$ cat my_file.tsv   # TSV, C-alpha atoms and all ligand atoms
chain	number	residue	atom	x	y	z
R	716	MET	CA	14.45	-7.79	-26.35
R	717	THR	CA	14.41	-8.95	-22.73
R	718	ARG	CA	11.57	-8.93	-20.27
R	719	ARG	CA	12.28	-6.73	-17.25
R	720	ALA	CA	10.26	-5.85	-14.13
R	721	VAL	CA	10.25	-2.06	-13.72
R	722	ILE	CA	9.02	-0.15	-10.65
R	723	ARG	CA	6.15	2.03	-11.86
R	724	GLY	CA	4.90	3.36	-8.53
R	725	VAL	CA	5.73	3.40	-4.83
R	726	GLY	CA	3.81	4.39	-1.71
R	727	HIS	CA	3.72	3.96	2.04
R	728	TYR	CA	1.61	4.34	5.12
R	729	LEU	CA	2.59	4.91	8.75
R	730	PRO	CA	0.21	4.61	11.71
R	731	GLU	CA	-0.67	7.95	13.30
R	732	ARG	CA	0.82	7.29	16.73
R	733	VAL	CA	4.45	8.41	16.98
R	734	VAL	CA	6.38	6.98	19.93
R	735	PRO	CA	9.52	8.93	20.90
R	736	ASN	CA	12.49	7.22	22.59
R	737	SER	CA	11.61	9.00	25.85
R	738	TRP	CA	8.40	6.93	26.06
R	739	PHE	CA	10.49	3.84	26.89
R	740	GLU	CA	12.34	5.57	29.74
R	741	SER	CA	9.36	5.04	32.06
R	742	ILE	CA	8.97	1.38	31.06
R	743	VAL	CA	12.49	-0.08	31.01
R	744	ASP	CA	15.98	0.96	32.15
R	745	THR	CA	16.98	2.84	29.01
R	746	SER	CA	17.53	6.39	27.76
R	747	ASP	CA	16.94	8.44	24.65
R	748	GLU	CA	20.73	8.94	24.55
R	749	TRP	CA	21.46	5.16	24.52
R	750	ILE	CA	18.90	4.45	21.83
R	751	ARG	CA	20.07	7.32	19.59
R	752	THR	CA	23.77	6.60	19.85
R	753	ARG	CA	23.56	2.78	19.60
R	754	THR	CA	20.86	2.55	16.92
R	755	GLY	CA	20.19	5.96	15.32
R	756	ILE	CA	16.50	5.59	16.19
R	757	GLU	CA	14.70	8.71	17.49
R	758	ARG	CA	11.07	7.68	17.13
R	759	ARG	CA	8.86	4.99	15.60
R	760	HIS	CA	5.17	4.57	14.79
R	761	PHE	CA	2.96	2.08	16.63
R	762	ALA	CA	-0.35	0.87	15.21
R	763	ALA	CA	-3.48	1.75	17.17
R	764	GLU	CA	-5.38	-0.97	18.99
R	765	GLY	CA	-7.35	-2.88	16.38
R	766	GLU	CA	-5.27	-1.52	13.49
R	767	THR	CA	-3.98	-4.49	11.51
R	768	THR	CA	-1.15	-5.29	9.13
R	769	SER	CA	-3.58	-5.68	6.23
R	770	GLN	CA	-5.00	-2.22	6.91
R	771	LEU	CA	-1.54	-0.63	6.81
R	772	ALA	CA	-0.72	-2.67	3.70
R	773	THR	CA	-3.92	-1.64	1.92
R	774	ARG	CA	-3.19	2.06	2.46
R	775	ALA	CA	0.38	1.66	1.20
R	776	ALA	CA	-0.91	-0.31	-1.82
R	777	ARG	CA	-3.42	2.44	-2.67
R	778	ALA	CA	-0.65	5.05	-2.47
R	779	ALA	CA	1.57	2.97	-4.81
R	780	LEU	CA	-1.28	2.47	-7.30
R	781	GLU	CA	-1.96	6.21	-7.29
R	782	ASP	CA	1.73	6.97	-7.82
R	783	ALA	CA	1.74	4.54	-10.77
R	784	GLY	CA	-1.45	6.06	-12.19
R	785	MET	CA	-3.05	2.60	-12.11
R	786	GLU	CA	-6.20	1.04	-10.79
R	787	VAL	CA	-6.59	-2.21	-8.92
R	788	GLY	CA	-8.03	-3.81	-12.08
R	789	ASP	CA	-4.59	-3.38	-13.70
R	790	ILE	CA	-2.97	-5.68	-11.11
R	791	ASP	CA	-2.50	-9.43	-11.70
R	792	ALA	CA	-1.02	-10.45	-8.34
R	793	ILE	CA	-0.16	-9.30	-4.83
R	794	VAL	CA	2.95	-10.54	-3.05
R	795	LEU	CA	3.08	-9.39	0.57
R	796	ALA	CA	6.01	-9.78	2.94
R	797	THR	CA	5.14	-9.86	6.62
R	798	THR	CA	6.02	-11.52	9.92
R	799	THR	CA	2.94	-10.14	11.63
R	800	PRO	CA	-0.04	-11.45	9.62
R	801	ASP	CA	-3.56	-10.47	10.70
R	802	LEU	CA	-4.37	-14.16	11.23
R	803	THR	CA	-2.41	-17.41	11.03
R	804	PHE	CA	-4.32	-17.90	7.78
R	805	PRO	CA	-5.49	-16.88	5.22
R	806	ALA	CA	-2.59	-14.93	3.78
R	807	THR	CA	-2.68	-11.23	4.66
R	808	ALA	CA	-2.22	-10.58	0.92
R	809	THR	CA	-5.72	-11.97	0.31
R	810	MET	CA	-7.16	-9.57	2.88
R	811	VAL	CA	-5.48	-6.70	1.04
R	812	GLN	CA	-6.86	-8.11	-2.22
R	813	ARG	CA	-10.34	-8.04	-0.75
R	814	ALA	CA	-9.96	-4.56	0.78
R	815	LEU	CA	-8.77	-3.19	-2.58
R	816	GLY	CA	-11.75	-4.77	-4.35
R	817	MET	CA	-9.50	-6.96	-6.51
R	818	THR	CA	-11.54	-9.92	-7.73
R	819	ARG	CA	-9.10	-11.66	-10.05
R	820	GLY	CA	-5.48	-12.82	-10.05
R	821	PHE	CA	-3.82	-14.24	-6.96
R	822	ALA	CA	-2.27	-13.11	-3.69
R	823	PHE	CA	0.13	-14.73	-1.25
R	824	ASP	CA	2.46	-13.91	1.65
R	825	VAL	CA	6.21	-14.30	1.87
R	826	GLN	CA	7.92	-14.88	5.23
R	827	ALA	CA	11.59	-13.93	5.42
R	828	VAL	CA	11.26	-11.54	8.37
R	829	CYS	CA	13.36	-8.38	7.89
R	830	ALA	CA	14.60	-9.64	4.50
R	831	GLY	CA	10.98	-10.25	3.46
R	832	PHE	CA	10.70	-7.41	0.97
R	833	ILE	CA	13.87	-8.52	-0.85
R	834	PHE	CA	12.46	-12.07	-1.09
R	835	ALA	CA	9.01	-10.79	-2.17
R	836	LEU	CA	10.44	-8.52	-4.86
R	837	THR	CA	12.63	-11.35	-6.16
R	838	ASN	CA	9.58	-13.64	-6.34
R	839	ALA	CA	7.49	-10.98	-8.08
R	840	ASN	CA	10.33	-10.38	-10.54
R	841	ALA	CA	10.40	-14.12	-11.32
R	842	LEU	CA	6.62	-14.13	-11.90
R	843	ILE	CA	7.06	-11.31	-14.40
R	844	LEU	CA	10.13	-12.79	-16.13
R	845	SER	CA	8.34	-16.14	-16.55
R	846	GLY	CA	5.46	-14.37	-18.29
R	847	GLN	CA	2.83	-15.32	-15.72
R	848	VAL	CA	1.85	-11.76	-14.85
R	849	GLU	CA	2.22	-8.24	-16.23
R	850	ARG	CA	1.77	-6.17	-13.08
R	851	VAL	CA	2.34	-7.08	-9.44
R	852	LEU	CA	1.81	-5.18	-6.22
R	853	VAL	CA	4.68	-5.99	-3.88
R	854	ILE	CA	4.10	-4.97	-0.28
R	855	GLY	CA	6.07	-5.06	2.95
R	856	ALA	CA	3.83	-4.50	5.99
R	857	GLU	CA	4.23	-5.05	9.72
R	858	THR	CA	2.61	-4.44	13.07
R	859	PHE	CA	5.85	-5.55	14.72
R	860	SER	CA	4.92	-3.83	17.99
R	861	ARG	CA	2.62	-6.82	18.63
R	862	LEU	CA	5.66	-9.12	18.90
R	863	LEU	CA	7.53	-7.00	21.44
R	864	ASP	CA	8.24	-7.88	25.06
R	865	MET	CA	7.92	-4.43	26.62
R	866	ASN	CA	10.06	-5.61	29.57
R	867	ASP	CA	13.05	-6.46	27.34
R	868	ARG	CA	15.03	-3.25	26.78
R	869	ALA	CA	17.33	-5.00	24.33
R	870	THR	CA	14.51	-5.41	21.78
R	871	CYS	CA	11.46	-3.27	22.63
R	872	VAL	CA	13.15	0.02	21.69
R	873	LEU	CA	14.21	-1.16	18.25
R	874	PHE	CA	11.08	-1.90	16.24
R	875	GLY	CA	8.14	-0.04	14.71
R	876	ASP	CA	5.06	-0.49	12.52
R	877	GLY	CA	4.35	0.59	8.95
R	878	ALA	CA	3.92	-0.48	5.35
R	879	GLY	CA	5.38	0.25	1.94
R	880	ALA	CA	4.43	-0.98	-1.52
R	881	VAL	CA	5.63	-0.88	-5.11
R	882	VAL	CA	3.93	-1.64	-8.42
R	883	LEU	CA	6.13	-3.75	-10.69
R	884	GLU	CA	5.34	-3.84	-14.39
R	885	ALA	CA	6.69	-5.97	-17.25
R	886	ARG	CA	8.60	-4.11	-19.98
R	887	ALA	CA	10.45	-5.34	-23.06
R	888	LEU	CA	13.92	-3.76	-22.84
R	889	SER	CA	17.36	-4.21	-24.39
R	890	GLY	CA	18.71	-6.85	-21.99
R	891	THR	CA	21.77	-4.81	-20.98
R	892	ASN	CA	22.53	-3.49	-17.51
R	893	ALA	CA	21.56	-0.02	-18.76
R	894	ASP	CA	17.91	-1.18	-18.66
R	895	ARG	CA	15.47	0.11	-16.10
R	896	GLY	CA	14.04	-2.46	-13.69
R	897	ILE	CA	15.41	-5.32	-11.64
R	898	LEU	CA	18.83	-6.33	-12.98
R	899	ALA	CA	19.92	-8.96	-10.43
R	900	ALA	CA	18.98	-10.61	-7.15
R	901	ASP	CA	20.94	-12.55	-4.55
R	902	LEU	CA	19.17	-14.51	-1.78
R	903	HIS	CA	20.49	-16.56	1.17
R	904	SER	CA	19.29	-18.30	4.32
R	905	ASP	CA	21.11	-20.21	7.04
R	906	GLY	CA	18.81	-21.93	9.54
R	907	ARG	CA	21.73	-22.72	11.87
R	908	ASP	CA	21.61	-19.11	13.13
R	909	ARG	CA	18.02	-19.26	14.34
R	910	GLU	CA	18.87	-18.36	17.96
R	911	MET	CA	20.23	-14.97	16.93
R	912	LEU	CA	16.76	-13.65	16.14
R	913	TYR	CA	13.46	-15.47	16.54
R	914	VAL	CA	10.01	-15.35	18.12
R	915	ASP	CA	9.43	-17.85	20.94
R	916	GLY	CA	5.92	-18.91	19.93
R	917	GLY	CA	3.80	-20.13	17.05
R	918	PRO	CA	0.75	-22.24	16.12
R	919	SER	CA	2.53	-25.62	16.08
R	920	THR	CA	4.70	-25.10	19.18
R	921	THR	CA	3.24	-22.98	21.97
R	922	GLY	CA	-0.05	-22.09	20.34
R	923	THR	CA	0.72	-18.47	21.17
R	924	THR	CA	2.13	-15.62	19.11
R	925	GLY	CA	5.34	-15.29	21.16
R	926	VAL	CA	7.75	-12.38	21.51
R	927	VAL	CA	11.01	-11.38	19.82
R	928	LYS	CA	14.28	-12.77	21.18
R	929	MET	CA	17.55	-11.43	19.84
R	930	LEU	CA	21.30	-11.77	20.37
R	931	GLY	CA	21.81	-8.27	19.00
R	932	ASN	CA	25.54	-8.02	19.38
R	933	GLN	CA	26.32	-11.28	17.53
R	934	LEU	CA	23.82	-10.42	14.82
R	935	PHE	CA	25.33	-6.99	14.39
R	936	ARG	CA	28.72	-8.39	13.38
R	937	LYS	CA	27.23	-10.92	10.95
R	938	ALA	CA	24.93	-8.29	9.46
R	939	VAL	CA	27.62	-5.91	8.15
R	940	GLU	CA	29.66	-8.80	6.71
R	941	ARG	CA	26.75	-10.56	5.01
R	942	LEU	CA	25.05	-7.43	3.70
R	943	THR	CA	28.27	-6.29	2.03
R	944	GLU	CA	28.83	-9.76	0.52
R	945	THR	CA	25.30	-10.09	-0.84
R	946	ALA	CA	25.33	-6.55	-2.28
R	947	HIS	CA	28.61	-7.36	-4.04
R	948	ARG	CA	27.25	-10.65	-5.37
R	949	ALA	CA	24.11	-8.98	-6.74
R	950	LEU	CA	26.17	-6.23	-8.36
R	951	GLY	CA	28.50	-8.85	-9.85
R	952	LYS	CA	25.55	-10.78	-11.31
R	953	ALA	CA	24.44	-7.55	-13.02
R	954	GLY	CA	27.96	-6.94	-14.35
R	955	LEU	CA	28.28	-3.83	-12.20
R	956	SER	CA	30.42	-2.69	-9.26
R	957	ASP	CA	30.35	-0.37	-6.23
R	958	ASN	CA	31.38	2.55	-8.45
R	959	ASP	CA	28.14	2.25	-10.44
R	960	VAL	CA	25.88	2.65	-7.37
R	961	ASP	CA	23.81	5.85	-7.17
R	962	TRP	CA	21.84	4.85	-4.06
R	963	ILE	CA	21.89	2.21	-1.38
R	964	ILE	CA	18.43	1.64	0.09
R	965	PRO	CA	19.29	-0.55	3.09
R	966	HIS	CA	17.10	-2.34	5.59
R	967	GLN	CA	16.72	0.14	8.43
R	968	ALA	CA	17.74	-1.80	11.56
R	969	ASN	CA	20.60	0.24	12.96
R	970	ILE	CA	22.43	3.32	11.63
R	971	ARG	CA	25.77	1.73	12.54
R	972	ILE	CA	25.02	-1.33	10.37
R	973	ILE	CA	23.95	0.99	7.53
R	974	GLN	CA	27.13	3.06	7.88
R	975	GLY	CA	29.38	-0.01	8.18
R	976	THR	CA	27.95	-1.58	5.02
R	977	ALA	CA	28.15	1.66	3.03
R	978	LYS	CA	31.76	2.16	4.14
R	979	ARG	CA	32.77	-1.34	3.03
R	980	MET	CA	31.12	-0.66	-0.32
R	981	GLY	CA	32.88	2.71	-0.65
R	982	VAL	CA	29.55	4.52	-1.04
R	983	PRO	CA	29.34	7.88	0.81
R	984	MET	CA	26.46	8.33	3.26
R	985	GLU	CA	24.99	11.11	1.05
R	986	ARG	CA	24.11	8.29	-1.37
R	987	VAL	CA	22.39	6.15	1.27
R	988	ILE	CA	18.68	6.47	2.07
R	989	VAL	CA	18.26	6.62	5.87
R	990	THR	CA	14.88	6.61	7.61
R	991	VAL	CA	15.76	4.59	10.71
R	992	GLN	CA	15.60	7.75	12.85
R	993	ASP	CA	11.89	8.17	12.10
R	994	HIS	CA	10.66	4.58	11.65
R	995	GLY	CA	12.89	2.30	13.75
R	996	ASN	CA	13.17	-1.23	12.40
R	997	THR	CA	9.90	-2.00	10.62
R	998	SER	CA	11.11	-5.43	9.43
R	999	ALA	CA	9.70	-6.27	5.96
R	1000	ALA	CA	8.27	-2.76	5.61
R	1001	SER	CA	11.54	-0.91	6.08
R	1002	ILE	CA	12.87	-0.99	2.50
R	1003	PRO	CA	9.68	0.00	0.66
R	1004	LEU	CA	9.07	2.67	3.32
R	1005	ALA	CA	12.56	4.10	2.75
R	1006	MET	CA	12.12	3.85	-1.02
R	1007	SER	CA	8.80	5.68	-0.89
R	1008	VAL	CA	10.14	8.43	1.39
R	1009	ALA	CA	13.15	8.93	-0.94
R	1010	HIS	CA	10.82	9.05	-3.94
R	1011	ARG	CA	8.59	11.65	-2.26
R	1012	GLN	CA	11.71	13.71	-1.48
R	1013	GLY	CA	12.60	13.65	-5.20
R	1014	LYS	CA	15.91	11.91	-4.57
R	1015	LEU	CA	15.50	9.00	-7.00
R	1016	ARG	CA	15.92	9.95	-10.67
R	1017	GLN	CA	15.02	7.77	-13.62
R	1018	GLY	CA	18.11	5.76	-14.58
R	1019	ASP	CA	19.65	5.80	-11.06
R	1020	LEU	CA	21.25	2.51	-10.04
R	1021	ILE	CA	19.95	1.28	-6.67
R	1022	VAL	CA	21.24	-1.50	-4.44
R	1023	THR	CA	18.85	-2.61	-1.76
R	1024	GLU	CA	19.81	-5.13	0.94
R	1025	ALA	CA	18.45	-6.69	4.13
R	1026	ILE	CA	19.11	-9.34	6.78
R	1027	GLY	CA	16.80	-10.77	9.42
R	1028	GLY	CA	15.57	-13.79	11.31
R	1029	GLY	CA	16.40	-17.18	9.86
R	1030	LEU	CA	18.91	-15.92	9.28
R	1031	SER	CA	17.77	-14.80	5.85
R	1032	TRP	CA	19.43	-12.12	3.79
R	1033	GLY	CA	19.80	-10.83	0.28
R	1034	ALA	CA	20.19	-7.92	-2.11
R	1035	LEU	CA	18.68	-6.61	-5.32
R	1036	VAL	CA	20.16	-4.37	-7.99
R	1037	LEU	CA	17.65	-2.28	-9.90
R	1038	ARG	CA	17.58	0.77	-12.10
R	1039	TRP	CA	14.92	3.35	-11.22
K	1101	LIG	O1	16.36	-6.44	11.47
K	1101	LIG	C1	17.04	-7.60	11.74
K	1101	LIG	C2	18.44	-7.30	11.91
K	1101	LIG	N1	18.64	-6.72	13.21
K	1101	LIG	C3	19.84	-6.36	13.52
K	1101	LIG	O2	20.70	-6.50	12.69
K	1101	LIG	C4	20.11	-5.82	14.87
K	1101	LIG	C5	21.56	-5.98	15.12
K	1101	LIG	N2	22.00	-5.53	16.43
K	1101	LIG	C6	21.99	-4.25	16.84
K	1101	LIG	O3	21.48	-3.36	16.17
K	1101	LIG	C7	22.70	-3.91	18.12
K	1101	LIG	O4	23.46	-5.02	18.53
K	1101	LIG	C8	21.76	-3.50	19.27
K	1101	LIG	C9	21.22	-2.12	19.01
K	1101	LIG	C10	20.64	-4.49	19.40
K	1101	LIG	C11	22.55	-3.43	20.59
K	1101	LIG	O5	23.64	-2.54	20.47
K	1101	LIG	P1	25.09	-3.00	20.95
K	1101	LIG	O6	25.97	-1.85	20.78
K	1101	LIG	O7	25.44	-4.26	20.20
K	1101	LIG	O8	24.90	-3.25	22.48
K	1101	LIG	P2	25.09	-4.61	23.32
K	1101	LIG	O9	24.04	-5.61	22.96
K	1101	LIG	O10	26.51	-5.05	23.23
K	1101	LIG	O11	24.80	-4.10	24.76
K	1101	LIG	C12	25.67	-3.12	25.40
K	1101	LIG	C13	25.06	-2.76	26.73
K	1101	LIG	C14	24.68	-3.98	27.58
K	1101	LIG	O12	24.97	-3.66	28.92
K	1101	LIG	P3	26.30	-4.24	29.63
K	1101	LIG	O13	26.18	-5.73	29.55
K	1101	LIG	O14	27.44	-3.69	28.82
K	1101	LIG	O15	26.21	-3.68	31.00
K	1101	LIG	C15	23.19	-4.06	27.39
K	1101	LIG	O16	22.55	-4.68	28.49
K	1101	LIG	O17	23.86	-2.03	26.53
K	1101	LIG	C16	22.82	-2.61	27.31
K	1101	LIG	N3	21.54	-2.35	26.66
K	1101	LIG	C17	20.84	-1.24	26.88
K	1101	LIG	N4	21.06	-0.16	27.63
K	1101	LIG	C18	20.15	0.83	27.62
K	1101	LIG	C19	20.87	-3.14	25.77
K	1101	LIG	N5	19.74	-2.54	25.40
K	1101	LIG	C20	19.69	-1.35	26.08
K	1101	LIG	C21	18.77	-0.29	26.11
K	1101	LIG	N6	19.04	0.77	26.88
K	1101	LIG	N7	17.62	-0.29	25.37
$ encode --input "my_file.tsv" --output "structure tokens"
Amino acid sequence: MTRRAVIRGVGHYLPERVVPNSWFESIVDTSDEWIRTRTGIERRHFAAEGETTSQLATRAARAALEDAGMEVGDIDAIVLATTTPDLTFPATATMVQRALGMTRGFAFDVQAVCAGFIFALTNANALILSGQVERVLVIGAETFSRLLDMNDRATCVLFGDGAGAVVLEARALSGTNADRGILAADLHSDGRDREMLYVDGGPSTTGTTGVVKMLGNQLFRKAVERLTETAHRALGKAGLSDNDVDWIIPHQANIRIIQGTAKRMGVPMERVIVTVQDHGNTSAASIPLAMSVAHRQGKLRQGDLIVTEAIGGGLSWGALVLRW
């Protein structure tokens, strides 16, 4: 028998305020038409004033626990991916721990920007495989709107706020790639590409939060190439190929990146979960949000093979292969 980390529940939360593309037309020189055709985004959610990442994360975590039929006392650890923590410290995960009333175990944040959920899930999987925990809440949560320069049309129209969460649970399974759960992971970073996507502030440099800076066009080309490569590497590690894929759940940055990656993998768009039109790019929250929406729509069936992939600031990127 082999220990596997199986997804037992998934949930999400989106702030109430929906911001349509037209809202930006009065702020910067842009149009709904440009945003739709270049990115696939139609609207995004922005957190209300005073609404924090930990609050969004807590609501997503509660939804995932309910979906799993579990209580917070069943959870041994929280791993939370975010680029927009409530405070510089402590970890936002500990604030979620407190809000949930969880008084044991441990909680920490993971920072890999838009690839954060892939890195968090890989870490949580390792905690389970090493026998340290039985059940982990893995959360991706962002109030990315707080990092936007509303005068920069090249970035302000792209991002949104939200949170998604999954409950991972240890299971003893056969050890073949027919098992449910996480079958393989593939992670990468290359710090030489920092200028492509970064925030120009921080506690040890400017002492300010900073705003997003992006060389979108250059990043676009790298993204399709690297996402396809990492998805193939993860599938290869699991002893599987493109033909075995039931669903791609991609990071939701741009519909053209999603389509380009799916095309290179030979997976038709009917087998790709797309939420970018409704959420924009929610960074670390985008994959669990898309997973939760797909689950609510009844698309994901037990036994389906899922490839999930993301790239973001760092650059950092990676993919996971899992069976639902
Ligand atoms: O989540 C992390 C990963 N993120 C990504 O992977 C994002 C990757 N990049 C992208 O998604 C795309 O590159 C963007 C959506 C950011 C930009 O699309 P693009 O097709 O690469 O456009 P571009 O940057 O080449 O810009 C084309 C034109 C430029 O005008 P000129 O120089 O041709 O006159 C831009 O100034 O579009 C202009 N432009 C805009 N026009 C209207 C840039 N932003 C806007 C805007 N509205 N919001």
$ residues_near_ligand --input "my_file.tsv" --ligand "ligand LIG 1101 (chain K)" --cutoff "9 Å" --atoms "only C-alpha atoms and all ligand atoms" --output "MDAnalysis selection string"
chainID R and resid 739:740 743:750 752:755 828:830 867:874 912 929:939 966:972 996:999 1025:1028 1030
$ closest_residue --input "my_file.tsv" --among "R:Asp864, R:Asp1019, R:Glu857, R:Asp993" --to "Phe832 in chain R" --atoms "only C-alpha atoms"
R:Glu857
$ closest_atom_pairs --input "my_file.tsv" --of "range 882-978 of chain R" --to "range 781-796 of chain R" --cutoff "12 Å" --atoms "all atoms listed in the file" --output "Markdown table"
| residue | atom | partner | partner_atom | distance |
| --- | --- | --- | --- | --- |
| R:Val882 | CA | R:Ala783 | CA | 7.0 |
| R:Leu883 | CA | R:Ile790 | CA | 9.3 |
| R:Glu884 | CA | R:Ile790 | CA | 9.1 |
| R:Ala885 | CA | R:Asp791 | CA | 11.3 |
$ residues_around --input "my_file.tsv" --residues "Gly917 in chain R" --least-positions-apart "2" --cutoff "12 Å" --atoms "all atoms listed in the file" --output "PyMOL selection string"
chain R and resi 798-799+802-803+862+913-915+919-927
$ write_last_selection --input "my_file.tsv" --atoms "C-alpha atoms" --output "PDB file, in the coordinates of the input"
ATOM      1  CA  THR R 798       6.020 -11.520   9.920  1.00  0.00           C
ATOM      2  CA  THR R 799       2.940 -10.140  11.630  1.00  0.00           C
ATOM      3  CA  LEU R 802      -4.370 -14.160  11.230  1.00  0.00           C
ATOM      4  CA  THR R 803      -2.410 -17.410  11.030  1.00  0.00           C
ATOM      5  CA  LEU R 862       5.660  -9.120  18.900  1.00  0.00           C
ATOM      6  CA  TYR R 913      13.460 -15.470  16.540  1.00  0.00           C
ATOM      7  CA  VAL R 914      10.010 -15.350  18.120  1.00  0.00           C
ATOM      8  CA  ASP R 915       9.430 -17.850  20.940  1.00  0.00           C
ATOM      9  CA  SER R 919       2.530 -25.620  16.080  1.00  0.00           C
ATOM     10  CA  THR R 920       4.700 -25.100  19.180  1.00  0.00           C
ATOM     11  CA  THR R 921       3.240 -22.980  21.970  1.00  0.00           C
ATOM     12  CA  GLY R 922      -0.050 -22.090  20.340  1.00  0.00           C
ATOM     13  CA  THR R 923       0.720 -18.470  21.170  1.00  0.00           C
ATOM     14  CA  THR R 924       2.130 -15.620  19.110  1.00  0.00           C
ATOM     15  CA  GLY R 925       5.340 -15.290  21.160  1.00  0.00           C
ATOM     16  CA  VAL R 926       7.750 -12.380  21.510  1.00  0.00           C
ATOM     17  CA  VAL R 927      11.010 -11.380  19.820  1.00  0.00           C
TER      18      VAL R 927
END
$ atom_distance --input "my_file.tsv" --atom1 "CA of Met980 in chain R" --atom2 "CA of Asp961 in chain R"
11.9 Å
$ atom_distance --input "my_file.tsv" --atom1 "CA of Ala720 in chain R" --atom2 "CA of Thr767 in chain R"
29.4 Å
